[in-house]
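To keep things clear, I will list the structure first and then write my remarks on it.
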Amino acid sequence: MVIIMYKNDTVYYPQDEMTTVLLPVTSGCSYNKCVFCAMYKDIKYSEVQFSDIEAELLNISIYTEKVFLIGADPISIGFDNMKRLLDKIHQYLPYCACVSSYASIKYISKYSVEELSILHDAGLRLLYIGFETGRDDILKLMNKGHTVNEAIKQAKKLNEAKIPFNSIVMYGIAGKGESVDNAVATAKMINQFITNGVITMNLKVANQTELNNMVIRGDFILPDGNERLVEIRTLLENLEPKKQMIFDTTHPTNIIKIKGTLQQDKERLIDKVTSYIK
């Protein structure tokens with residue numbers, strides 16, 4: 001993710017959206033309970049008023065072709081507000097062909113396929129979703145707020161609604177000695193739906209999180225760098241996408257920077273990771 005400031009908030013957005021126009025929709029995180037996340041701990045969740053959104057839209061070039069919605073999970077504003085928002089974007093930015101956003105399994109589940117299809121037709125064309133892991137015990141440990149089956153169900157719902165999405169997963173999240181099993185389980189989950197890409201993040205422990213307290217108590221032991229590299233390789237080895245898919249470890253947290261298309265670049269990517277493993 002890339003970080004900027006909007007008014008008094010820190011704004012996070014995917015590095016692929018670095019040149020995209022940013023539009024504020026929510027502040028803070030409506031869930032804000034993941035034990036590894038410190039991004040929104042001190043920010044009270046709120047929705048940006050439509051009058052403020054319109055004021056922002058008035059200051060954006062009419063020829064803008066892509067907009068990224070600012071917020072931890074902008075679709076938390078609900079279907080009616082999302083449809084109204086997308087209609088406003090189309091009204092002020094008639095050349096905008098793609099609206100993208102972060103989204104959570106928790107809030108995608110509140111939408112029907114029909115509602116998601118309507119939002120797709122209104123311009124919602126790319127989501128970034130934190131799946132994190134394909135293991136229920138780790139999702140529970142990290143208090144992620146969804147199960148693996150729920151994640152698969154919502155991903156398939158997006159496939160049916162024709163809304164593309166990138167799947168964000170986190171290596172190191174299962175702890176020492178669990179990396180290979182976590183990678184296999186995560187690949188098994190991803191293989192059950194169609195995703196534009198898999199974006200990996202390396203688990204970082206922030207001071208003000210419950211995960212940091214777990215590490216201090218010895219309840220969670222972090223894997224070393226070599227084990228994390230093995231996890232990336234194992235994930236690659238077990239991914240069998242139904243359609244062409246990007247595999248991307250270029251996020252700043254990663255310990256290795258590789259990017260390619262599966263399946264055509266699979267062996268090259270595996271060889272590259274292997275060259276770093278001791």
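Lettering and numbering for the structure tokens are positional, with chains as A, B, ... in the shown order, residues counted from 1 in each chain, and ligands counted from 1 in the shown order.
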
Hey, what does DSSP flag as strand (DSSP E) within region 53-264 of chain A? Can you give it to me as a compact mmCIF listing (two decimals) with N, CA, C and O atoms, in the first residue's frame?
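Below is the file that was written, selection32.txt:
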# COMPACT_ATOMS: atom_id res chain seq x y z
N LYS A 66 -10.16 6.80 -14.17
CA LYS A 66 -10.18 5.82 -13.09
C LYS A 66 -10.19 6.52 -11.75
O LYS A 66 -9.49 7.52 -11.55
N VAL A 67 -10.98 5.98 -10.81
CA VAL A 67 -11.09 6.54 -9.47
C VAL A 67 -10.93 5.42 -8.44
O VAL A 67 -11.49 4.34 -8.61
N PHE A 68 -10.16 5.69 -7.38
CA PHE A 68 -10.05 4.75 -6.27
C PHE A 68 -10.74 5.35 -5.06
O PHE A 68 -10.49 6.50 -4.68
N LEU A 69 -11.64 4.58 -4.46
CA LEU A 69 -12.40 5.05 -3.30
C LEU A 69 -11.57 4.92 -2.03
O LEU A 69 -11.11 3.83 -1.69
N ILE A 70 -11.39 6.02 -1.32
CA ILE A 70 -10.60 6.02 -0.10
C ILE A 70 -11.41 5.44 1.06
O ILE A 70 -12.57 5.79 1.26
N CYS A 98 -13.58 2.98 -14.68
CA CYS A 98 -13.27 2.03 -13.61
C CYS A 98 -13.22 2.72 -12.26
O CYS A 98 -12.45 3.66 -12.06
N VAL A 99 -14.06 2.24 -11.35
CA VAL A 99 -13.99 2.65 -9.95
C VAL A 99 -13.47 1.45 -9.17
O VAL A 99 -14.00 0.34 -9.31
N SER A 100 -12.42 1.65 -8.39
CA SER A 100 -11.83 0.55 -7.62
C SER A 100 -11.86 0.88 -6.13
O SER A 100 -12.04 2.04 -5.74
N SER A 101 -11.67 -0.15 -5.30
CA SER A 101 -11.86 0.04 -3.86
C SER A 101 -11.32 -1.15 -3.08
O SER A 101 -11.25 -2.27 -3.60
N TYR A 102 -10.94 -0.91 -1.82
CA TYR A 102 -10.76 -2.01 -0.89
C TYR A 102 -12.15 -2.57 -0.54
O TYR A 102 -13.15 -1.85 -0.61
N ALA A 103 -12.19 -3.84 -0.16
CA ALA A 103 -13.46 -4.44 0.28
C ALA A 103 -13.14 -5.61 1.20
O ALA A 103 -12.08 -6.22 1.10
N LEU A 124 -18.33 -0.07 -10.81
CA LEU A 124 -17.43 -0.72 -9.85
C LEU A 124 -16.73 -1.88 -10.55
O LEU A 124 -17.34 -2.91 -10.80
N ARG A 125 -15.46 -1.72 -10.86
CA ARG A 125 -14.79 -2.68 -11.74
C ARG A 125 -13.57 -3.37 -11.15
O ARG A 125 -12.96 -4.20 -11.82
N LEU A 126 -13.19 -3.04 -9.90
CA LEU A 126 -12.04 -3.73 -9.31
C LEU A 126 -12.04 -3.56 -7.79
O LEU A 126 -12.14 -2.44 -7.29
N LEU A 127 -11.92 -4.69 -7.08
CA LEU A 127 -11.83 -4.68 -5.62
C LEU A 127 -10.50 -5.28 -5.17
O LEU A 127 -9.95 -6.16 -5.84
N TYR A 128 -10.02 -4.83 -4.04
CA TYR A 128 -8.84 -5.39 -3.38
C TYR A 128 -9.32 -5.98 -2.06
O TYR A 128 -9.81 -5.24 -1.20
N ILE A 129 -9.19 -7.30 -1.91
CA ILE A 129 -9.80 -7.98 -0.76
C ILE A 129 -8.74 -8.69 0.08
O ILE A 129 -7.93 -9.47 -0.44
N GLY A 130 -8.78 -8.47 1.39
CA GLY A 130 -7.86 -9.13 2.31
C GLY A 130 -8.36 -10.51 2.72
O GLY A 130 -9.10 -10.63 3.69
N PHE A 131 -7.95 -11.52 1.98
CA PHE A 131 -8.27 -12.91 2.36
C PHE A 131 -7.32 -13.37 3.45
O PHE A 131 -7.69 -14.16 4.32
N GLU A 132 -6.09 -12.94 3.40
CA GLU A 132 -5.00 -13.21 4.36
C GLU A 132 -4.51 -14.65 4.36
O GLU A 132 -3.34 -14.92 4.17
N PHE A 165 -11.44 -8.86 -8.95
CA PHE A 165 -10.83 -8.50 -7.67
C PHE A 165 -9.44 -9.10 -7.55
O PHE A 165 -9.11 -10.09 -8.18
N ASN A 166 -8.62 -8.44 -6.74
CA ASN A 166 -7.31 -8.93 -6.38
C ASN A 166 -7.37 -9.53 -4.98
O ASN A 166 -8.00 -8.96 -4.08
N SER A 167 -6.74 -10.67 -4.81
CA SER A 167 -6.75 -11.38 -3.53
C SER A 167 -5.45 -11.09 -2.77
O SER A 167 -4.37 -11.44 -3.23
N ILE A 168 -5.59 -10.45 -1.61
CA ILE A 168 -4.42 -10.14 -0.79
C ILE A 168 -4.23 -11.23 0.25
O ILE A 168 -5.16 -11.56 0.99
N VAL A 169 -3.05 -11.82 0.28
CA VAL A 169 -2.74 -12.86 1.27
C VAL A 169 -1.47 -12.48 2.01
O VAL A 169 -0.65 -11.71 1.51
N MET A 170 -1.31 -13.02 3.21
CA MET A 170 -0.21 -12.64 4.07
C MET A 170 0.61 -13.85 4.48
O MET A 170 0.09 -14.80 5.06
N TYR A 171 1.90 -13.84 4.14
CA TYR A 171 2.75 -14.94 4.59
C TYR A 171 3.42 -14.58 5.91
O TYR A 171 3.61 -13.42 6.24
N GLY A 197 -5.66 -11.37 -9.55
CA GLY A 197 -4.29 -11.54 -9.11
C GLY A 197 -4.20 -11.89 -7.65
O GLY A 197 -5.15 -11.71 -6.87
N VAL A 198 -3.04 -12.40 -7.26
CA VAL A 198 -2.71 -12.65 -5.86
C VAL A 198 -1.61 -11.68 -5.47
O VAL A 198 -0.54 -11.66 -6.09
N ILE A 199 -1.89 -10.85 -4.48
CA ILE A 199 -0.92 -9.89 -3.97
C ILE A 199 -0.48 -10.35 -2.59
O ILE A 199 -1.32 -10.51 -1.70
N THR A 200 0.79 -10.60 -2.42
CA THR A 200 1.28 -11.06 -1.11
C THR A 200 1.78 -9.90 -0.27
O THR A 200 2.31 -8.91 -0.77
N MET A 201 1.59 -10.06 1.03
CA MET A 201 2.16 -9.14 2.01
C MET A 201 2.90 -9.95 3.06
O MET A 201 2.49 -11.06 3.39
N ASN A 202 3.98 -9.40 3.55
CA ASN A 202 4.77 -10.04 4.59
C ASN A 202 4.28 -9.54 5.95
O ASN A 202 4.17 -8.34 6.17
N MET A 245 -3.68 -15.25 -14.27
CA MET A 245 -3.70 -14.54 -12.99
C MET A 245 -2.33 -13.96 -12.69
O MET A 245 -1.30 -14.60 -12.92
N ILE A 246 -2.30 -12.74 -12.19
CA ILE A 246 -1.04 -12.10 -11.79
C ILE A 246 -0.62 -12.60 -10.41
O ILE A 246 -1.47 -12.78 -9.52
N PHE A 247 0.67 -12.83 -10.23
CA PHE A 247 1.23 -13.12 -8.90
C PHE A 247 2.22 -12.02 -8.60
O PHE A 247 3.18 -11.80 -9.35
N ASP A 248 2.02 -11.31 -7.49
CA ASP A 248 2.74 -10.07 -7.24
C ASP A 248 3.25 -9.97 -5.81
O ASP A 248 2.46 -9.94 -4.86
N LYS A 259 7.16 -10.55 -9.84
CA LYS A 259 5.83 -10.37 -10.42
C LYS A 259 5.77 -11.10 -11.74
O LYS A 259 6.71 -11.06 -12.53
N GLY A 260 4.66 -11.79 -11.98
CA GLY A 260 4.49 -12.51 -13.23
C GLY A 260 3.08 -13.01 -13.39
O GLY A 260 2.22 -12.75 -12.55
N THR A 261 2.86 -13.72 -14.47
CA THR A 261 1.53 -14.25 -14.78
C THR A 261 1.54 -15.77 -14.66
O THR A 261 2.43 -16.43 -15.18
N LEU A 262 0.54 -16.28 -13.95
CA LEU A 262 0.38 -17.72 -13.83
C LEU A 262 -0.64 -18.19 -14.85
O LEU A 262 -1.63 -17.52 -15.08

>> Show me, as JSON, numbers by chain, the residues that have an atom within 7 Å of region 211-214 of chain A when counting only C-alpha atoms, minus same-chain residues fewer than 5 positions from it.
In response: {"A": [35, 36, 205, 206, 219, 220]}

>> Between A:Val25, A:Met82, A:Ile138, A:Ile105, which residue has the minimum interatomic distance to Gln49 (chain A), considering only C-alpha atoms?
In response: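 Comparing A:Val25, A:Met82, A:Ile138, A:Ile105 against Gln49 (chain A), the winner is A:Val25.
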
Which polymer residues have any atom within 9 Å of an atom of Met39 (chain A), counting only C-alpha atoms, with same-chain residues fewer than 3 positions away left out, as a PDB file with N, CA and C atoms, in the first residue's frame?
ATOM      1  N   THR A  10      -4.700   9.357   7.892  1.00  0.00           N
ATOM      2  CA  THR A  10      -3.732   8.698   7.029  1.00  0.00           C
ATOM      3  C   THR A  10      -4.515   7.874   6.020  1.00  0.00           C
ATOM      4  N   TYR A  12      -4.587   4.995   3.039  1.00  0.00           N
ATOM      5  CA  TYR A  12      -3.879   3.847   2.487  1.00  0.00           C
ATOM      6  C   TYR A  12      -4.525   3.454   1.169  1.00  0.00           C
ATOM      7  N   GLY A  28     -11.514   5.736   8.723  1.00  0.00           N
ATOM      8  CA  GLY A  28     -11.400   4.655   9.692  1.00  0.00           C
ATOM      9  C   GLY A  28     -11.899   3.335   9.133  1.00  0.00           C
ATOM     10  N   CYS A  29     -12.027   2.354  10.012  1.00  0.00           N
ATOM     11  CA  CYS A  29     -12.461   1.011   9.614  1.00  0.00           C
ATOM     12  C   CYS A  29     -13.707   0.619  10.411  1.00  0.00           C
ATOM     13  N   ASN A  32     -12.310  -2.998  12.309  1.00  0.00           N
ATOM     14  CA  ASN A  32     -11.206  -2.547  13.172  1.00  0.00           C
ATOM     15  C   ASN A  32     -10.885  -3.490  14.330  1.00  0.00           C
ATOM     16  N   ASP A  42      -6.730   4.418  15.925  1.00  0.00           N
ATOM     17  CA  ASP A  42      -7.086   5.661  16.613  1.00  0.00           C
ATOM     18  C   ASP A  42      -8.056   6.526  15.811  1.00  0.00           C
ATOM     19  N   ILE A  43      -8.682   5.924  14.791  1.00  0.00           N
ATOM     20  CA  ILE A  43      -9.597   6.687  13.938  1.00  0.00           C
ATOM     21  C   ILE A  43     -11.012   6.143  14.091  1.00  0.00           C
TER      22      ILE A  43
END

> Using only C-alpha atoms, which of A:Asp181, A:Glu54, A:Glu47, A:Glu114 sits nearest Leu235 (chain A)?
Replying inline: A:Asp181

>> Let me make sure I understand: among A:Asn143, A:Tyr92, A:Leu85, A:Phe50, which one has the smallest atom-to-atom distance to Glu65 (chain A) if we use only C-alpha atoms?
In response: A:Tyr92

> From the set A:Ser109, A:Ala38, A:Asn226, A:Lys44, which residue has the shortest atom-to-atom contact distance to Ile75 (chain A), counting only C-alpha atoms?
Replying inline: A:Ser109

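Nearest to His251 (chain A) of all the residues A:Ile277, A:Leu116, A:Leu203, A:Ile216 is A:Leu203, based on only C-alpha atoms.
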
>> Need to verify the contact set: Lys33 (chain A), 12 Å, only C-alpha atoms, exclusion of same-chain residues closer than 6 positions in sequence. Can you return it as a PyMOL selection string?
In response: chain A and resi 39-41+139-146+209-211
